[in-house]
Amino acid sequence: MSMLDVSGLNKVYTTRFGGNQVEALRSVSFSVEEGEFVAIMGESGSGKTTLLNLLAALDQPTGGSVRLDGQELAKIKESQLAAFRRDNLGFVFQEFNLLDTFSIEDNISLPLVLAGRGPDEIRSAVTGLAESLGIVKLLKKYPYEVSGGQKQRAAVARALVTRPKLILADEPTGALDSHSTDELLDLFSAVNRSGQTILMVTHSVKAASRAGRVLFIRDGEVFHQLYRGENTDAQMYQKISETLTALTTGGDRA
């Protein structure tokens, strides 16, 4: 069953003073099944960030549609968008986006507090997640007291705490060292095995090789996609590298 349906998506930006128009996305169509782990790759300027913003309902498409669990994002009222994102989407960012004046526990709790959940429900949800993600000992600490990898685990917990339909991850390993990257990717794999749908934008071949499917964007279009099938992480890494080479050298659509 499709969790996310993207159909004929276009996005055109008008430059300052209306001088020129830039087509950031052109007829992008794909779907993400419930429980999939999908990575999106492409060079800088290929349209990845624009696509992520449209999927997060942070921007409106010029044409086409994005449907999450059957609901078209463009038809959600502006006054309801913040609540929609909070209840349906979880976000993991490269720079963590944790509040330094809040403890790790309070950072994770924040989406539930904003949703008006009760103290007992919040405490139960945060404790359960912290135990499953191995961060119980971090809860009373503050972001400036923990490592980058620990911050990102806390950010993942915050993304999961509302039990979202879809997690959107934007370069989640970009600020991490190799060891922390491995830990985060192991965590993503475990979360995905539990049934969580994940869509990750990344430049990292290593990160993308852990996904079940990889979409490649070039010049605002879906250029190619790879399915894991029976491939190992190492085999996916090789196939992704070969596809990126075709992207950068102007190879034919595969």
# chains A, B, ... in the order shown; residues from 1 in each chain; ligands from 1
>>> closest_atom_pairs(of="segment 25-105 of chain A", to="segment 226-248 of chain A", cutoff="10 Å", atoms="only C-alpha atoms", output="Markdown table")
| residue | atom | partner | partner_atom | distance |
| --- | --- | --- | --- | --- |
| A:Val38 | CA | A:Tyr227 | CA | 9.4 |
| A:Ala39 | CA | A:Leu226 | CA | 9.8 |
| A:Met41 | CA | A:Leu244 | CA | 8.5 |
| A:Gly42 | CA | A:Leu244 | CA | 7.6 |
| A:Glu43 | CA | A:Thr248 | CA | 7.8 |
>>> write_last_selection(atoms="N, CA, C and O atoms", output="mmCIF file, in the first residue's frame")
data_model
loop_
_atom_site.group_PDB
_atom_site.id
_atom_site.type_symbol
_atom_site.label_atom_id
_atom_site.label_comp_id
_atom_site.auth_asym_id
_atom_site.auth_seq_id
_atom_site.Cartn_x
_atom_site.Cartn_y
_atom_site.Cartn_z
ATOM 1 N N VAL A 38 13.568 4.609 1.670
ATOM 2 C CA VAL A 38 13.959 5.132 0.363
ATOM 3 C C VAL A 38 14.970 6.257 0.539
ATOM 4 O O VAL A 38 14.777 7.149 1.372
ATOM 5 N N ALA A 39 16.044 6.214 -0.239
ATOM 6 C CA ALA A 39 17.024 7.294 -0.255
ATOM 7 C C ALA A 39 16.903 8.059 -1.565
ATOM 8 O O ALA A 39 16.603 7.476 -2.615
ATOM 9 N N MET A 41 19.091 10.711 -3.995
ATOM 10 C CA MET A 41 20.431 11.227 -4.235
ATOM 11 C C MET A 41 20.441 12.094 -5.490
ATOM 12 O O MET A 41 19.566 11.996 -6.350
ATOM 13 N N GLY A 42 21.468 12.920 -5.593
ATOM 14 C CA GLY A 42 21.650 13.776 -6.755
ATOM 15 C C GLY A 42 22.658 14.856 -6.419
ATOM 16 O O GLY A 42 22.949 15.120 -5.255
ATOM 17 N N GLU A 43 23.222 15.476 -7.453
ATOM 18 C CA GLU A 43 24.191 16.539 -7.243
ATOM 19 C C GLU A 43 23.529 17.759 -6.617
ATOM 20 O O GLU A 43 22.300 17.914 -6.644
#
>>> select_by_dssp(residues="segment 4-246 of chain A", states="alpha helix (DSSP H)", output="PyMOL selection string")
chain A and resi 48-55+78-88+104-114+119-133+148-160+178-193+205-208+233-246
>>> closest_residue(among="A:Ala115, A:Val156, A:Val161, A:Leu168", to="Thr127 of chain A", atoms="only C-alpha atoms")
A:Val161
>>> atom_distance(atom1="atom CA of Phe102 of chain A", atom2="atom CA of Gly174 of chain A")
23.3 Å
>>> closest_atom_pairs(of="segment 71-129 of chain A", to="segment 4-25 of chain A", cutoff="12 Å", atoms="only C-alpha atoms", output="tab-separated table")
residue	atom	partner	partner_atom	distance
A:Gln71	CA	A:Leu4	CA	9.3
A:Glu72	CA	A:Asp5	CA	9.1
A:Leu73	CA	A:Val6	CA	10.5
A:Ala74	CA	A:Leu9	CA	11.6
A:Asn88	CA	A:Leu4	CA	11.6
A:Leu89	CA	A:Leu4	CA	11.5
>>> write_last_selection(atoms="N, CA and C atoms", output="PDB file, in the first residue's frame")
ATOM      1  N   GLN A  71      -4.097  11.858   1.494  1.00  0.00           N
ATOM      2  CA  GLN A  71      -4.446  13.264   1.682  1.00  0.00           C
ATOM      3  C   GLN A  71      -3.529  14.160   0.863  1.00  0.00           C
ATOM      4  N   GLU A  72      -4.108  15.006   0.008  1.00  0.00           N
ATOM      5  CA  GLU A  72      -3.311  15.895  -0.828  1.00  0.00           C
ATOM      6  C   GLU A  72      -2.832  17.086  -0.013  1.00  0.00           C
ATOM      7  N   LEU A  73      -1.517  17.248   0.034  1.00  0.00           N
ATOM      8  CA  LEU A  73      -0.942  18.271   0.913  1.00  0.00           C
ATOM      9  C   LEU A  73      -1.340  19.679   0.508  1.00  0.00           C
ATOM     10  N   ALA A  74      -1.459  19.933  -0.787  1.00  0.00           N
ATOM     11  CA  ALA A  74      -1.768  21.286  -1.259  1.00  0.00           C
ATOM     12  C   ALA A  74      -3.164  21.747  -0.838  1.00  0.00           C
ATOM     13  N   ASN A  88       1.893  13.847  11.508  1.00  0.00           N
ATOM     14  CA  ASN A  88       2.096  12.867  10.438  1.00  0.00           C
ATOM     15  C   ASN A  88       3.533  12.701   9.977  1.00  0.00           C
ATOM     16  N   LEU A  89       4.370  13.699  10.248  1.00  0.00           N
ATOM     17  CA  LEU A  89       5.746  13.684   9.750  1.00  0.00           C
ATOM     18  C   LEU A  89       6.739  13.782  10.898  1.00  0.00           C
TER      19      LEU A  89
END
>>> residues_around(residues="Leu139 of chain A", least_positions_apart="3", cutoff="6 Å", atoms="only C-alpha atoms", output="NGL selection string")
:A and (104-105 or 136)
>>> closest_residue(among="A:Pro172, A:Gly220, A:Gly90, A:Pro61", to="Gly45 of chain A", atoms="only C-alpha atoms")
A:Gly220
>>> residues_around(residues="segment 184-191 of chain A", least_positions_apart="2", cutoff="12 Å", atoms="only C-alpha atoms", output="MDAnalysis selection string")
chainID A and resid 35:39 92 94 129 132:135 148:157 159:160 163 166:169 171:182 193:200 204:212 233
